[in-house]
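Down below is the structure, laid out as structure tokens.
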Amino acid sequence: MLRMAAEVPWLTIIGIGEDGAEGLSDIARAALEQARVIMGAPRQLALLPPLKAERLSWPVPFEDGVEALLARRGEPTVMLASGDPFWFGAGTSVTRHLTPREWIAHPAPSTFSLAASRLGWALQDVTCHGLHAAPLDQLRPVLAPGRRALVLLRDGAAVQALAAYLAATGFGASKLHIMEALGGPRERIRSEEADKLAFEDIAHPVAVGVEISGDGEAMPCASGLADSWFEHDGQISKRPARALTLSALAPRPGETLWDIGAGSGSIAIEWLLSHASTQALAFEADPVRARRAAANARRLGVDRLLLVEGRAPAALAGRVRPNAIFIGGGLSDALIKTIIALPGERTRLVANAVTLESEALLARWHERLGGELLRIEMARAAPIGTRRGWKAAYPLVQWSVML
């Protein structure tokens, strides 16, 4: 980041470790000496030596602290953060409200770096998760024997909850390396298998290294998860059709999907599983199905699914078209016309049909707008007396087009 030499940012963001001011650079310590205000968590403020600055404890909820910090705009101010403020830290929560000339940062080694160095793990080969306020279900996609994860947790009770979660998902044999107060005089590292964990005195701050082991079922990386991964009432795009649908929708990093007539939410959930930066809105008129779709998303580790209870096309009013739209239920001429009329950039539309009436509708729109029209026929081997034969499923017609 380029700054003019004469400019002095009013805000200095300092990453501080458990070793306190002794672990800071000379320039970071100078910023503390010159500050009028120092704001941080009580634990971080307690690590500082006597200073002339006013000390403010970061309030709860977190957003209130951002407002209080911004109210000091123009005064020499220091914001304390743990380790690297821009690696699962609080840095961007503040800097998104500022111009680049208003702030400067001095990071310290992140807890992830300290944890990896203690365990001798290659950090690029480990998945890192900040779960202070996020559900443990976010770990579900990475639970596979032989993999490793580093997890930041709120407190000792959260470590116990992590052990219970791993046991409940079939990975109770995973080895947990519980690392308390890394980098400071209180540092302690202990190890135990998840289903045997009985430590009652785990101190904050705490990180856990997880060597995943057990006979739990690992989630496949390819689209088209087995139907058994989803709770449903039969209203679900079956695995082969879902794989073909996701292929046609072609999720890309940062993109947003609308899943119209979401049912179990399987299409939207697999869209979200494709990349951590994707987003999805699921439109579902049935409140029971909507709740089930939300529960499926949480259990499979994608808590960013947004549910809209309502029936399309009315539920689409006032919205801007996203990158991709899937119509799995409620297909009608009115719905397609509404989608076409919505403002927005170009959109990939995919619609599936199984009834003759819906097939005819898609054929008409294919004739008008082009795209690709597929008829997908599948059959499974099934018993016929003492022998076997093919049992055909209803044919599926799929239309995909760029609007």
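In the structure tokens, each chain is lettered A, B, ... as it comes, each chain's residues begin at 1, and ligands are numbered from 1 in order of appearance.
Near Ala46 (chain A), within 12 Å and counting only C-alpha atoms, sit Ile16, Gly17, Glu18, Asp19, Gly20, Ala21, Ile38, Met39, Gly40, Ala41, Pro42, Arg43, Pro49, Pro50, Leu51, Arg55, Leu56, Ser57 and Leu80 of chain A, not including residues fewer than 3 positions from it in the same chain.
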Can you spit out the residues from that selection as a PDB file, in the first residue's frame, using N, CA and C atoms?
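So the final result, stored in selection_13.pdb, reads:
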```
ATOM      1  N   ILE A  16      -1.201  -8.222  18.542  1.00  0.00           N
ATOM      2  CA  ILE A  16      -0.450  -8.484  19.768  1.00  0.00           C
ATOM      3  C   ILE A  16      -0.633  -9.933  20.184  1.00  0.00           C
ATOM      4  N   GLY A  17       0.434 -10.539  20.641  1.00  0.00           N
ATOM      5  CA  GLY A  17       0.379 -11.929  21.086  1.00  0.00           C
ATOM      6  C   GLY A  17       0.378 -12.024  22.594  1.00  0.00           C
ATOM      7  N   GLU A  18       0.426 -13.245  23.096  1.00  0.00           N
ATOM      8  CA  GLU A  18       0.410 -13.474  24.532  1.00  0.00           C
ATOM      9  C   GLU A  18       1.694 -13.011  25.213  1.00  0.00           C
ATOM     10  N   ASP A  19       2.719 -12.679  24.419  1.00  0.00           N
ATOM     11  CA  ASP A  19       3.950 -12.159  24.999  1.00  0.00           C
ATOM     12  C   ASP A  19       3.885 -10.655  25.212  1.00  0.00           C
ATOM     13  N   GLY A  20       2.749 -10.037  24.881  1.00  0.00           N
ATOM     14  CA  GLY A  20       2.530  -8.633  25.177  1.00  0.00           C
ATOM     15  C   GLY A  20       3.419  -7.690  24.394  1.00  0.00           C
ATOM     16  N   ALA A  21       3.710  -6.528  25.003  1.00  0.00           N
ATOM     17  CA  ALA A  21       4.470  -5.488  24.318  1.00  0.00           C
ATOM     18  C   ALA A  21       5.889  -5.943  23.983  1.00  0.00           C
ATOM     19  N   ILE A  38      -6.196   3.826  23.205  1.00  0.00           N
ATOM     20  CA  ILE A  38      -5.882   2.438  22.858  1.00  0.00           C
ATOM     21  C   ILE A  38      -7.137   1.615  23.132  1.00  0.00           C
ATOM     22  N   MET A  39      -7.593   0.895  22.105  1.00  0.00           N
ATOM     23  CA  MET A  39      -8.835   0.130  22.232  1.00  0.00           C
ATOM     24  C   MET A  39      -8.551  -1.340  21.941  1.00  0.00           C
ATOM     25  N   GLY A  40      -9.053  -2.206  22.812  1.00  0.00           N
ATOM     26  CA  GLY A  40      -8.847  -3.634  22.616  1.00  0.00           C
ATOM     27  C   GLY A  40      -9.655  -4.432  23.617  1.00  0.00           C
ATOM     28  N   ALA A  41      -9.589  -5.726  23.506  1.00  0.00           N
ATOM     29  CA  ALA A  41     -10.246  -6.596  24.473  1.00  0.00           C
ATOM     30  C   ALA A  41      -9.543  -6.461  25.823  1.00  0.00           C
ATOM     31  N   PRO A  42     -10.267  -6.652  26.922  1.00  0.00           N
ATOM     32  CA  PRO A  42      -9.636  -6.539  28.242  1.00  0.00           C
ATOM     33  C   PRO A  42      -8.386  -7.390  28.371  1.00  0.00           C
ATOM     34  N   ARG A  43      -8.405  -8.600  27.811  1.00  0.00           N
ATOM     35  CA  ARG A  43      -7.236  -9.481  27.892  1.00  0.00           C
ATOM     36  C   ARG A  43      -6.033  -8.858  27.188  1.00  0.00           C
ATOM     37  N   PRO A  49       2.145  -2.418  29.115  1.00  0.00           N
ATOM     38  CA  PRO A  49       2.755  -1.735  30.259  1.00  0.00           C
ATOM     39  C   PRO A  49       2.009  -0.418  30.524  1.00  0.00           C
ATOM     40  N   PRO A  50       2.338   0.298  31.565  1.00  0.00           N
ATOM     41  CA  PRO A  50       1.711   1.609  31.798  1.00  0.00           C
ATOM     42  C   PRO A  50       1.967   2.550  30.618  1.00  0.00           C
ATOM     43  N   LEU A  51       0.916   3.222  30.162  1.00  0.00           N
ATOM     44  CA  LEU A  51       0.987   4.159  29.048  1.00  0.00           C
ATOM     45  C   LEU A  51       0.101   5.354  29.356  1.00  0.00           C
ATOM     46  N   ARG A  55      -7.540   4.056  27.811  1.00  0.00           N
ATOM     47  CA  ARG A  55      -7.777   2.667  27.408  1.00  0.00           C
ATOM     48  C   ARG A  55      -9.275   2.398  27.360  1.00  0.00           C
ATOM     49  N   LEU A  56      -9.726   1.847  26.246  1.00  0.00           N
ATOM     50  CA  LEU A  56     -11.140   1.522  26.064  1.00  0.00           C
ATOM     51  C   LEU A  56     -11.276   0.034  25.800  1.00  0.00           C
ATOM     52  N   SER A  57     -12.122  -0.634  26.569  1.00  0.00           N
ATOM     53  CA  SER A  57     -12.384  -2.062  26.343  1.00  0.00           C
ATOM     54  C   SER A  57     -13.382  -2.224  25.208  1.00  0.00           C
ATOM     55  N   LEU A  80      -6.033  -2.750  19.154  1.00  0.00           N
ATOM     56  CA  LEU A  80      -5.335  -4.013  19.394  1.00  0.00           C
ATOM     57  C   LEU A  80      -6.148  -5.177  18.839  1.00  0.00           C
TER      58      LEU A  80
END
```
- Message: Could you pull out the alpha helix (DSSP H) residues of region 18-175 of chain A, going by DSSP on the backbone, and write them as a PyMOL selection string?
- Response: chain A and resi 26-34+42-45+62-70+91-95+111-119+156-168
- For Ile13 (chain A): contacts at 9 Å, only C-alpha atoms, fewer than 2 positions along chain excluded, given as a list of chain:residue names: A:Leu11, A:Gly15, A:Ala28, A:Thr77, A:Val78, A:Met79, A:Leu80, A:Ala81, A:Pro85, A:Gly91, A:Trp103, A:Ile104, A:Ala105, A:His106, A:Pro107
Could you turn the residues from that selection into a file that holds C-alpha atoms, as a CSV table (one decimal), in the first residue's frame?
```csv
chain,number,residue,atom,x,y,z
A,11,LEU,CA,-5.4,4.6,13.3
A,15,GLY,CA,-1.5,-7.4,16.3
A,28,ALA,CA,4.4,-0.7,17.0
A,77,THR,CA,-5.5,5.8,18.1
A,78,VAL,CA,-4.4,2.2,18.4
A,79,MET,CA,-6.6,-0.8,17.9
A,80,LEU,CA,-5.3,-4.0,19.4
A,81,ALA,CA,-6.1,-7.3,17.7
A,85,PRO,CA,-5.5,-8.8,12.3
A,91,GLY,CA,-9.0,-5.9,10.8
A,103,TRP,CA,-4.8,3.4,8.8
A,104,ILE,CA,-1.6,1.4,9.1
A,105,ALA,CA,-1.2,-2.1,10.5
A,106,HIS,CA,1.6,-4.0,12.3
A,107,PRO,CA,0.7,-7.7,12.4
```
- Could you tell me which of A:Ile325, A:Gly89, A:Ala115, A:Gly224 comes closest to Ala181 (chain A) if we count only C-alpha atoms? A:Ala115
- Task: Excluding region 300-312 of chain A and any residue of its chain fewer than 6 positions from it, enumerate the residues within 6 Å of it, using only C-alpha atoms, and give them as a PyMOL selection string.
- Result: chain A and resi 137-138+140+280-285
Store the residues picked out above in a file with N, CA, C and O atoms, as an mmCIF file, in the first residue's frame.
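Writing done, so here's part-v7.cif:
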```cif
data_model
loop_
_atom_site.group_PDB
_atom_site.id
_atom_site.type_symbol
_atom_site.label_atom_id
_atom_site.label_comp_id
_atom_site.auth_asym_id
_atom_site.auth_seq_id
_atom_site.Cartn_x
_atom_site.Cartn_y
_atom_site.Cartn_z
ATOM 1 N N ASP A 137 -20.564 -27.208 12.765
ATOM 2 C CA ASP A 137 -20.935 -27.885 11.520
ATOM 3 C C ASP A 137 -20.108 -27.409 10.329
ATOM 4 O O ASP A 137 -20.026 -28.111 9.314
ATOM 5 N N GLN A 138 -19.501 -26.228 10.424
ATOM 6 C CA GLN A 138 -18.680 -25.748 9.316
ATOM 7 C C GLN A 138 -17.494 -26.670 9.044
ATOM 8 O O GLN A 138 -16.896 -26.619 7.976
ATOM 9 N N ARG A 140 -17.808 -29.896 8.798
ATOM 10 C CA ARG A 140 -18.269 -31.153 8.202
ATOM 11 C C ARG A 140 -17.655 -31.455 6.838
ATOM 12 O O ARG A 140 -17.236 -32.597 6.583
ATOM 13 N N ALA A 280 -26.115 -18.192 -1.921
ATOM 14 C CA ALA A 280 -27.330 -18.791 -2.493
ATOM 15 C C ALA A 280 -28.556 -18.331 -1.724
ATOM 16 O O ALA A 280 -28.529 -18.228 -0.495
ATOM 17 N N LEU A 281 -29.636 -18.055 -2.466
ATOM 18 C CA LEU A 281 -30.954 -17.808 -1.910
ATOM 19 C C LEU A 281 -31.849 -18.962 -2.324
ATOM 20 O O LEU A 281 -31.880 -19.339 -3.501
ATOM 21 N N ALA A 282 -32.549 -19.531 -1.369
ATOM 22 C CA ALA A 282 -33.471 -20.634 -1.642
ATOM 23 C C ALA A 282 -34.895 -20.130 -1.438
ATOM 24 O O ALA A 282 -35.243 -19.670 -0.352
ATOM 25 N N PHE A 283 -35.707 -20.207 -2.481
ATOM 26 C CA PHE A 283 -37.099 -19.781 -2.414
ATOM 27 C C PHE A 283 -37.967 -21.022 -2.235
ATOM 28 O O PHE A 283 -37.929 -21.936 -3.065
ATOM 29 N N GLU A 284 -38.748 -21.066 -1.168
ATOM 30 C CA GLU A 284 -39.587 -22.230 -0.885
ATOM 31 C C GLU A 284 -40.891 -21.755 -0.237
ATOM 32 O O GLU A 284 -40.869 -21.051 0.778
ATOM 33 N N ALA A 285 -42.020 -22.163 -0.831
ATOM 34 C CA ALA A 285 -43.328 -21.731 -0.331
ATOM 35 C C ALA A 285 -43.761 -22.510 0.903
ATOM 36 O O ALA A 285 -44.501 -21.986 1.741
#
```
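Each of A:Leu162, A:Ala207, A:Leu70, A:Leu335 was compared to Glu102 (chain A) using only C-alpha atoms, and A:Leu70 turns out to be the nearest.
The residue that comes closest to Leu244 (chain A), out of A:Ala68, A:Ala30, A:Lys337, A:Ser223 and on the basis of only C-alpha atoms, is A:Ser223.
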Produce a table with one row for each residue of region 82-134 of chain A that has an atom at most 12 Å from any atom of region 182-204 of chain A, each row naming the nearest atom pair and its distance in Å at one decimal; use only C-alpha atoms; arrange rows by chain and rising residue number; format as a Markdown table.
```
| residue | atom | partner | partner_atom | distance |
| --- | --- | --- | --- | --- |
| A:Ser82 | CA | A:Leu182 | CA | 11.1 |
| A:Gly83 | CA | A:Gly183 | CA | 10.0 |
| A:Ala108 | CA | A:Gly183 | CA | 10.7 |
| A:Pro109 | CA | A:Gly183 | CA | 9.3 |
| A:Ser110 | CA | A:Leu182 | CA | 9.9 |
| A:Thr111 | CA | A:Leu182 | CA | 7.1 |
| A:Phe112 | CA | A:Leu182 | CA | 9.8 |
| A:Ser113 | CA | A:Leu182 | CA | 10.2 |
| A:Leu114 | CA | A:Leu182 | CA | 6.8 |
| A:Ala115 | CA | A:Leu182 | CA | 7.4 |
| A:Ala116 | CA | A:Leu182 | CA | 10.9 |
| A:Ser117 | CA | A:Leu182 | CA | 10.6 |
| A:Arg118 | CA | A:Ile189 | CA | 8.9 |
| A:Leu119 | CA | A:Ile189 | CA | 9.7 |
| A:His132 | CA | A:His204 | CA | 11.2 |
```
Export N, CA, C and O atoms of the chosen residues as a PDB file, in the first residue's frame?
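Result file is part-v1.pdb:
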```
ATOM      1  N   SER A  82      -5.711  -9.687  17.985  1.00  0.00           N
ATOM      2  CA  SER A  82      -4.909 -10.877  18.269  1.00  0.00           C
ATOM      3  C   SER A  82      -4.095 -11.268  17.045  1.00  0.00           C
ATOM      4  O   SER A  82      -4.657 -11.425  15.950  1.00  0.00           O
ATOM      5  N   GLY A  83      -2.792 -11.407  17.210  1.00  0.00           N
ATOM      6  CA  GLY A  83      -1.937 -11.930  16.150  1.00  0.00           C
ATOM      7  C   GLY A  83      -2.011 -11.103  14.881  1.00  0.00           C
ATOM      8  O   GLY A  83      -1.783  -9.900  14.869  1.00  0.00           O
ATOM      9  N   ALA A 108       1.282  -9.315  14.026  1.00  0.00           N
ATOM     10  CA  ALA A 108       2.155 -10.261  14.727  1.00  0.00           C
ATOM     11  C   ALA A 108       1.896 -11.652  14.143  1.00  0.00           C
ATOM     12  O   ALA A 108       0.956 -11.826  13.361  1.00  0.00           O
ATOM     13  N   PRO A 109       2.682 -12.651  14.488  1.00  0.00           N
ATOM     14  CA  PRO A 109       2.375 -14.005  14.012  1.00  0.00           C
ATOM     15  C   PRO A 109       0.967 -14.412  14.431  1.00  0.00           C
ATOM     16  O   PRO A 109       0.545 -14.188  15.563  1.00  0.00           O
ATOM     17  N   SER A 110       0.227 -14.976  13.488  1.00  0.00           N
ATOM     18  CA  SER A 110      -1.132 -15.413  13.794  1.00  0.00           C
ATOM     19  C   SER A 110      -1.104 -16.642  14.695  1.00  0.00           C
ATOM     20  O   SER A 110      -0.092 -17.357  14.775  1.00  0.00           O
ATOM     21  N   THR A 111      -2.234 -16.898  15.358  1.00  0.00           N
ATOM     22  CA  THR A 111      -2.345 -18.108  16.173  1.00  0.00           C
ATOM     23  C   THR A 111      -2.165 -19.345  15.309  1.00  0.00           C
ATOM     24  O   THR A 111      -1.586 -20.344  15.752  1.00  0.00           O
ATOM     25  N   PHE A 112      -2.649 -19.289  14.065  1.00  0.00           N
ATOM     26  CA  PHE A 112      -2.474 -20.430  13.165  1.00  0.00           C
ATOM     27  C   PHE A 112      -0.987 -20.695  12.917  1.00  0.00           C
ATOM     28  O   PHE A 112      -0.538 -21.840  12.910  1.00  0.00           O
ATOM     29  N   SER A 113      -0.210 -19.622  12.691  1.00  0.00           N
ATOM     30  CA  SER A 113       1.228 -19.801  12.457  1.00  0.00           C
ATOM     31  C   SER A 113       1.910 -20.379  13.689  1.00  0.00           C
ATOM     32  O   SER A 113       2.750 -21.285  13.586  1.00  0.00           O
ATOM     33  N   LEU A 114       1.560 -19.857  14.863  1.00  0.00           N
ATOM     34  CA  LEU A 114       2.154 -20.376  16.093  1.00  0.00           C
ATOM     35  C   LEU A 114       1.787 -21.842  16.305  1.00  0.00           C
ATOM     36  O   LEU A 114       2.634 -22.670  16.672  1.00  0.00           O
ATOM     37  N   ALA A 115       0.501 -22.170  16.057  1.00  0.00           N
ATOM     38  CA  ALA A 115       0.057 -23.550  16.254  1.00  0.00           C
ATOM     39  C   ALA A 115       0.772 -24.500  15.302  1.00  0.00           C
ATOM     40  O   ALA A 115       1.227 -25.581  15.694  1.00  0.00           O
ATOM     41  N   ALA A 116       0.872 -24.109  14.026  1.00  0.00           N
ATOM     42  CA  ALA A 116       1.547 -24.964  13.051  1.00  0.00           C
ATOM     43  C   ALA A 116       3.012 -25.156  13.413  1.00  0.00           C
ATOM     44  O   ALA A 116       3.571 -26.254  13.261  1.00  0.00           O
ATOM     45  N   SER A 117       3.646 -24.081  13.912  1.00  0.00           N
ATOM     46  CA  SER A 117       5.058 -24.203  14.276  1.00  0.00           C
ATOM     47  C   SER A 117       5.254 -25.107  15.494  1.00  0.00           C
ATOM     48  O   SER A 117       6.266 -25.798  15.607  1.00  0.00           O
ATOM     49  N   ARG A 118       4.294 -25.107  16.409  1.00  0.00           N
ATOM     50  CA  ARG A 118       4.409 -25.987  17.576  1.00  0.00           C
ATOM     51  C   ARG A 118       4.224 -27.458  17.180  1.00  0.00           C
ATOM     52  O   ARG A 118       4.865 -28.351  17.724  1.00  0.00           O
ATOM     53  N   LEU A 119       3.331 -27.703  16.236  1.00  0.00           N
ATOM     54  CA  LEU A 119       3.020 -29.080  15.853  1.00  0.00           C
ATOM     55  C   LEU A 119       3.895 -29.590  14.711  1.00  0.00           C
ATOM     56  O   LEU A 119       3.879 -30.786  14.410  1.00  0.00           O
ATOM     57  N   HIS A 132     -15.001 -18.949  16.677  1.00  0.00           N
ATOM     58  CA  HIS A 132     -15.374 -18.322  17.938  1.00  0.00           C
ATOM     59  C   HIS A 132     -16.888 -18.168  18.055  1.00  0.00           C
ATOM     60  O   HIS A 132     -17.475 -18.407  19.111  1.00  0.00           O
TER      61      HIS A 132
END
```
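Among the candidates A:Leu69, A:Ala294, A:Ala90, A:Ala363, the residue lying nearest to Ile14 (chain A) is A:Ala90 (atoms considered: only C-alpha atoms).
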- Task: Quote the spacing between CA of Ala360 (chain A) and CA of Ile336 (chain A) in Å to one decimal place.
- Result: 13.8 Å
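Of the listed residues (A:Trp10, A:Gly172, A:Phe86, A:Ala243), A:Trp10 comes nearest to Pro100 (chain A); the distances count only C-alpha atoms.
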- Contacts of Pro251 (chain A) within 10 Å, only C-alpha atoms, excl. fewer than 3 positions in-chain, as a list of chain:residue names: A:Leu246, A:Ser247, A:Ala248, A:Gly254, A:Glu255, A:Thr256, A:Leu257, A:Glu270, A:Trp271, A:Leu272, A:Leu273, A:Ser274, A:His275, A:Thr278, A:Gln279, A:Asn323, A:Ala324, A:Arg348
- Compare A:Met179, A:Ser213, A:Ala250, A:Val288 by their minimum atom-to-atom distance to Gln235 (chain A), counting only C-alpha atoms, and give me the closest one. A:Val288
- Which residues come within 12 Å of Gly234 (chain A), counting only C-alpha atoms, excluding same-chain residues fewer than 4 positions away, as a PyMOL selection string? chain A and resi 227-228+230+238+263-266+289
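Around Leu153 (chain A), within 8 Å and counting only C-alpha atoms, the residues found are Gly130, Leu131, His132, Ala158, Val159, Pro205, Val206, Ala207 and Val208 of chain A, once anything fewer than 3 positions away on its own chain is removed.
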- Item | Residue set, region 211-399 of chain A restricted to strand (DSSP E or B), as a PyMOL selection string | chain A and resi 211+256-260+279-284+305-309+324-327+348-353+372-376+379-384+387-392+396-399
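As for CA of Ile212 (chain A) and CA of Asp84 (chain A), they are spaced 26.1 Å apart.
Between CA of Ala341 (chain A) and CA of Leu249 (chain A) the separation is 20.1 Å.
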